[in-house]
Structure formats: structure tokens, C-alpha cells
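What follows is the content of data_37.cif (mmCIF, C-alpha atoms).
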```cif
data_structure
#
loop_
_atom_site.label_atom_id
_atom_site.label_comp_id
_atom_site.auth_asym_id
_atom_site.auth_seq_id
_atom_site.Cartn_x
_atom_site.Cartn_y
_atom_site.Cartn_z
CA MET M 238 -184.86 24.47 -10.92
CA TYR M 239 -183.29 25.06 -7.53
CA ASP M 240 -181.04 22.26 -6.29
CA ASN M 241 -179.62 22.46 -2.81
CA ARG M 242 -176.49 20.38 -2.83
CA GLU M 243 -175.09 21.53 0.49
CA MET M 244 -174.44 18.96 3.13
CA PRO M 245 -176.30 19.54 6.38
CA SER M 246 -174.09 21.00 9.06
CA THR M 247 -173.33 18.85 12.07
CA THR M 248 -172.13 19.69 15.51
CA ILE M 249 -169.05 17.90 16.69
CA SER M 250 -169.22 17.17 20.40
CA PRO M 251 -166.10 16.65 22.45
CA PRO M 252 -165.62 13.11 23.71
CA ILE M 253 -166.85 12.11 27.16
CA LEU M 254 -163.93 10.93 29.24
CA CYS M 255 -163.92 8.95 32.47
CA THR M 256 -161.12 9.12 34.99
CA GLY M 257 -160.27 7.72 38.37
CA ALA M 258 -157.88 10.56 39.14
CA ALA M 259 -158.15 12.69 42.26
CA LEU M 260 -160.37 15.74 41.73
CA ALA M 261 -157.41 18.10 42.14
CA ALA M 262 -155.63 16.32 39.28
CA VAL M 263 -158.46 16.54 36.72
CA ASP M 264 -157.19 18.98 34.10
CA VAL M 265 -160.35 20.60 32.68
CA ASP M 266 -161.73 24.09 32.25
CA LEU M 267 -164.90 23.25 34.21
CA LEU M 268 -165.52 20.56 36.81
CA VAL M 269 -169.27 19.99 37.28
CA VAL M 270 -170.22 18.78 40.76
CA PRO M 271 -173.78 17.53 41.41
CA TRP M 272 -174.90 18.72 44.88
CA PHE M 273 -177.83 17.47 46.95
CA GLU M 274 -180.07 19.71 49.08
CA GLU M 275 -179.21 18.09 52.39
CA GLU M 276 -175.44 18.11 51.85
CA GLY M 277 -173.08 20.39 53.73
CA PRO M 278 -169.95 22.06 52.39
CA LEU M 279 -167.73 19.07 53.18
CA SER M 280 -169.85 16.50 51.31
CA VAL M 281 -167.44 16.33 48.40
CA PRO M 282 -163.94 16.29 49.89
CA GLY M 283 -161.73 19.16 48.81
CA VAL M 284 -164.31 21.13 46.83
CA ASP M 285 -165.03 23.77 49.49
CA ALA M 286 -161.34 24.30 50.21
CA ALA M 287 -160.57 24.52 46.48
CA SER M 288 -163.21 27.23 46.12
CA GLY M 289 -161.71 29.31 48.93
CA CYS M 290 -164.71 28.37 51.14
CA GLU M 291 -167.16 29.92 48.65
CA VAL M 292 -169.22 26.73 48.68
CA ALA M 293 -169.72 26.95 52.46
CA ARG M 294 -170.60 30.64 52.20
CA ALA M 295 -173.13 30.09 49.40
CA LEU M 296 -174.78 27.19 51.22
CA ALA M 297 -174.95 29.08 54.54
CA SER M 298 -176.46 32.19 52.93
CA ARG M 299 -178.79 30.04 50.78
CA GLU M 300 -177.42 31.73 47.66
CA PHE M 301 -177.08 28.15 46.47
CA ALA M 302 -179.66 25.77 47.95
CA ALA M 303 -179.04 22.80 45.60
CA ARG M 304 -182.65 22.73 44.46
CA PRO M 305 -183.02 20.76 41.24
CA PHE M 306 -181.09 22.43 38.42
CA ASP M 307 -179.83 25.40 40.48
CA LEU M 308 -176.38 26.29 39.18
CA PHE M 309 -173.59 27.91 41.16
CA PRO M 310 -170.34 28.70 39.32
CA VAL M 311 -167.25 29.35 41.39
CA GLY M 312 -163.57 29.81 40.61
CA VAL M 313 -160.88 27.50 41.92
CA ALA M 314 -158.61 29.28 44.38
CA ALA M 315 -156.39 26.31 45.30
CA PRO M 316 -153.16 26.39 43.28
CA ALA M 317 -152.83 22.60 43.48
CA TRP M 318 -156.08 22.07 41.55
CA ARG M 319 -155.82 21.79 37.78
CA ALA M 320 -159.50 22.57 37.06
CA ARG M 321 -160.01 26.28 36.52
CA ARG M 322 -163.67 26.55 37.56
CA LEU M 323 -166.29 24.57 39.43
CA LEU M 324 -169.99 24.46 38.62
CA LEU M 325 -172.19 23.11 41.39
CA GLY M 326 -175.39 21.70 39.97
CA GLY M 327 -178.41 21.36 42.23
CA ALA M 328 -179.52 17.74 42.28
CA GLY M 329 -182.43 18.17 44.70
CA LYS M 330 -183.11 15.61 47.42
CA ARG M 331 -180.94 12.50 47.27
CA ALA M 332 -183.98 10.24 47.83
CA ALA M 333 -185.65 11.67 44.71
CA PHE M 334 -182.52 11.48 42.56
CA GLY M 335 -182.64 9.11 39.61
CA SER M 336 -181.56 8.77 36.01
CA ASP M 337 -184.15 11.32 34.84
CA VAL M 338 -182.85 14.01 37.22
CA ALA M 339 -179.24 13.09 36.39
CA ARG M 340 -179.90 13.42 32.65
CA ARG M 341 -181.69 16.76 33.05
CA LEU M 342 -178.94 18.08 35.34
CA ALA M 343 -176.29 17.05 32.81
CA THR M 344 -178.26 18.86 30.10
CA ALA M 345 -178.60 22.03 32.22
CA THR M 346 -174.90 22.12 33.08
CA GLY M 347 -173.92 21.28 29.51
CA LEU M 348 -176.03 24.15 28.15
CA TRP M 349 -174.54 26.51 30.76
CA ALA M 350 -171.04 25.52 29.63
CA LYS M 351 -171.93 25.77 25.94
CA GLN M 352 -173.34 29.29 26.36
CA ARG M 353 -170.03 30.32 27.91
CA ARG M 354 -167.97 28.46 25.30
CA VAL M 355 -166.25 26.24 27.86
CA PRO M 356 -164.01 23.98 25.78
CA GLN M 357 -163.62 21.10 28.22
CA GLN M 358 -165.73 19.92 31.15
CA HIS M 359 -165.98 16.90 33.43
CA LEU M 360 -169.17 15.84 35.21
CA LEU M 361 -168.41 14.37 38.60
CA GLY M 362 -170.10 11.01 39.21
CA ASP M 363 -170.69 9.19 42.50
CA GLN M 364 -167.65 7.01 41.97
CA ASP M 365 -165.50 10.16 41.69
CA GLN M 366 -166.60 11.37 45.13
CA GLN M 367 -165.20 8.37 47.00
#
```
Spell out the structure here as C-alpha cells.
Amino acid sequence: MYDNREMPSTTISPPILCTGAALAAVDVDLLVVPWFEEEGPLSVPGVDAASGCEVARALASREFAARPFDLFPVGVAAPAWRARRLLLGGAGKRAAFGSDVARRLATATGLWAKQRRVPQQHLLGDQDQQ
């Protein structure tokens, strides 16, 4: 008789950390920034400058329109920033944003990072943007 005594494999997820540090000081491989459709390149202070103005270019050309779950990866050009990459995640219209959209956006960005084997990421929350 066949007896399967193997333990089921489990996935170990990295811990979720919260920080009040300035965005430039967050030491992660990927900083995920939710972005709303009506926001301009200066909506999240420092992000456009850190990207070498790639955020402004992508928004102006509509390469990134911040529609729900659009993703726009960009490298960090500012030497003072500790994060290596940024991932702008389209959050749609601010008026329609809620916990359901936030959860689905976190899932989309998490899957994007997992497919690229990003070891450490930080999802920017509203309190981080102040």
C-alpha cells in the first residue's frame, strides 16, 4: 500500500514592515507607489526627481495613465535614494479607491515582484506620502 508521508510544502513570505522613514531612506529593492489617474508627477514628493523625471515623461506621453492595475517600473537615478527601483501601480480614480482596489493593487504588484524574484519590497501607504 502506498503511504505518502511527505509534509506539504509551504511558502515562507517575507514579513511586512511599516516605517515612518523618508522615502529616500527606505532601503528596499522595490518601492511600490500607488498612483491615481488625476495625479501629476509631483503628487508624491521626490518620486519624479528620484526617477530622473521618468514619471513625468510617462504620465505626459500616457505610457502610464494610472488606470487600475497599470504597472510602470522605473529605476531610481537619485544617488541619495536607497531603494533600487520604483513600481508605480495604477490605482484608478481616487474617488473610486477603496479597500477592494487597494487589496487587488497590492496583489498585482506583489505578483509582479514575485515573477521577477524581488527579495524585498515596500508598498507606500497614504501616511508615507505626507
>> For the PyMOL selection byres ((chain M and resi 347-352) around 12), applied here, can you spell out every residue it catches as a PyMOL selection string?
In response: chain M and resi 250-251+253+266-269+306-310+322-326+339-346+353-360
>> Could you tell me, as a PyMOL selection string, exactly which residues end up selected when the PyMOL selection byres ((chain M and resi 289) around 10) is applied to this structure?
In response: chain M and resi 284-288+290-294+311-315
> When you draw a straight line from atom CA of Gly329 of chain M to atom CA of Asp264 of chain M, how long is it in Å?
Replying inline: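 Distance reported for this atom pair: 27.4 Å.
Separating atom CA of Arg331 of chain M from atom CA of Glu274 of chain M is a distance of 7.5 Å.
Closest approach to Val263 of chain M from the set M:Ala320, M:Ala328, M:Val338, M:Leu361 is made by M:Ala320, with distances taken over only C-alpha atoms.
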> From the set M:Gly277, M:Pro271, M:Pro316, M:Pro282, which residue has the shortest atom-to-atom contact distance to Arg299 of chain M, counting all atoms listed in the file?
Replying inline: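 Of M:Gly277, M:Pro271, M:Pro316, M:Pro282, the one nearest Arg299 of chain M is M:Gly277, counting all atoms listed in the file.
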>> Rounded to one decimal, what separation in Å do you get between atom CA of Arg321 of chain M and atom CA of Ala295 of chain M?
In response: 18.8 Å
> Between M:Glu300, M:Pro305, M:Pro278, M:Arg319, which is the closest to Ala259 of chain M once you count all atoms listed in the file?
Replying inline: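 Nearest to Ala259 of chain M: M:Arg319.
Of the listed residues M:Gly335, M:Ala317, M:Glu276, M:Ala261, the one whose atoms come nearest to Ala297 of chain M is M:Glu276, with distances taken using all atoms listed in the file.
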>> For a quick check of understanding, using only C-alpha atoms, which of M:Val281, M:Thr256, M:Lys330, M:Trp318 has the smallest distance to Ala303 of chain M?
In response: M:Lys330
Requested file, segment 282-357 of chain M restricted to C-alpha atoms, as a compact mmCIF listing (two decimals), in the first residue's frame:
```txt
# COMPACT_ATOMS: atom_id res chain seq x y z
CA PRO M 282 7.18 64.34 -3.32
CA GLY M 283 10.58 63.23 -4.56
CA VAL M 284 9.45 60.29 -6.69
CA ASP M 285 9.70 62.03 -10.07
CA ALA M 286 13.11 63.51 -9.25
CA ALA M 287 14.34 60.13 -7.98
CA SER M 288 13.31 58.53 -11.27
CA GLY M 289 15.24 61.09 -13.32
CA CYS M 290 11.89 62.64 -14.41
CA GLU M 291 10.75 59.34 -15.97
CA VAL M 292 7.47 59.57 -14.06
CA ALA M 293 6.67 62.96 -15.62
CA ARG M 294 7.62 61.67 -19.08
CA ALA M 295 5.49 58.53 -18.76
CA LEU M 296 2.48 60.48 -17.49
CA ALA M 297 2.79 63.15 -20.22
CA SER M 298 3.08 60.57 -23.01
CA ARG M 299 0.31 58.43 -21.44
CA GLU M 300 2.68 55.46 -21.37
CA PHE M 301 1.48 55.22 -17.78
CA ALA M 302 -2.07 56.51 -17.25
CA ALA M 303 -2.59 55.11 -13.71
CA ARG M 304 -5.66 53.15 -14.76
CA PRO M 305 -6.50 50.46 -12.22
CA PHE M 306 -3.69 47.91 -12.00
CA ASP M 307 -1.46 49.51 -14.68
CA LEU M 308 2.14 48.93 -13.65
CA PHE M 309 5.10 51.13 -14.52
CA PRO M 310 8.54 50.02 -13.32
CA VAL M 311 11.31 52.60 -13.26
CA GLY M 312 14.85 52.68 -11.93
CA VAL M 313 16.00 55.08 -9.26
CA ALA M 314 18.51 57.58 -10.63
CA ALA M 315 18.99 59.65 -7.46
CA PRO M 316 22.11 58.53 -5.60
CA ALA M 317 20.64 59.65 -2.26
CA TRP M 318 17.78 57.14 -2.53
CA ARG M 319 18.34 53.71 -1.01
CA ALA M 320 15.55 51.95 -2.95
CA ARG M 321 16.87 50.49 -6.19
CA ARG M 322 13.65 50.50 -8.22
CA LEU M 323 10.20 52.05 -8.15
CA LEU M 324 6.99 50.40 -9.31
CA LEU M 325 4.10 52.76 -9.89
CA GLY M 326 0.81 50.95 -9.54
CA GLY M 327 -2.28 52.40 -11.16
CA ALA M 328 -4.93 52.99 -8.52
CA GLY M 329 -7.59 54.45 -10.82
CA LYS M 330 -9.69 57.41 -9.74
CA ARG M 331 -9.19 58.50 -6.13
CA ALA M 332 -12.98 58.78 -5.60
CA ALA M 333 -13.40 55.11 -6.54
CA PHE M 334 -10.47 53.89 -4.44
CA GLY M 335 -11.31 51.61 -1.54
CA SER M 336 -10.07 48.56 0.31
CA ASP M 337 -11.03 46.25 -2.57
CA VAL M 338 -8.95 48.21 -5.10
CA ALA M 339 -6.09 48.53 -2.59
CA ARG M 340 -6.07 44.77 -1.98
CA ARG M 341 -6.15 43.96 -5.70
CA LEU M 342 -3.41 46.50 -6.43
CA ALA M 343 -1.24 45.00 -3.69
CA THR M 344 -1.81 41.56 -5.21
CA ALA M 345 -0.91 42.77 -8.72
CA THR M 346 2.28 44.48 -7.57
CA GLY M 347 3.19 41.54 -5.35
CA LEU M 348 2.82 39.10 -8.25
CA TRP M 349 4.89 41.40 -10.48
CA ALA M 350 7.65 41.42 -7.86
CA LYS M 351 7.44 37.67 -7.29
CA GLN M 352 7.77 36.93 -11.03
CA ARG M 353 10.97 38.99 -11.05
CA ARG M 354 12.25 37.44 -7.81
CA VAL M 355 12.43 40.78 -6.00
CA PRO M 356 13.61 39.88 -2.50
CA GLN M 357 12.34 42.92 -0.62
```
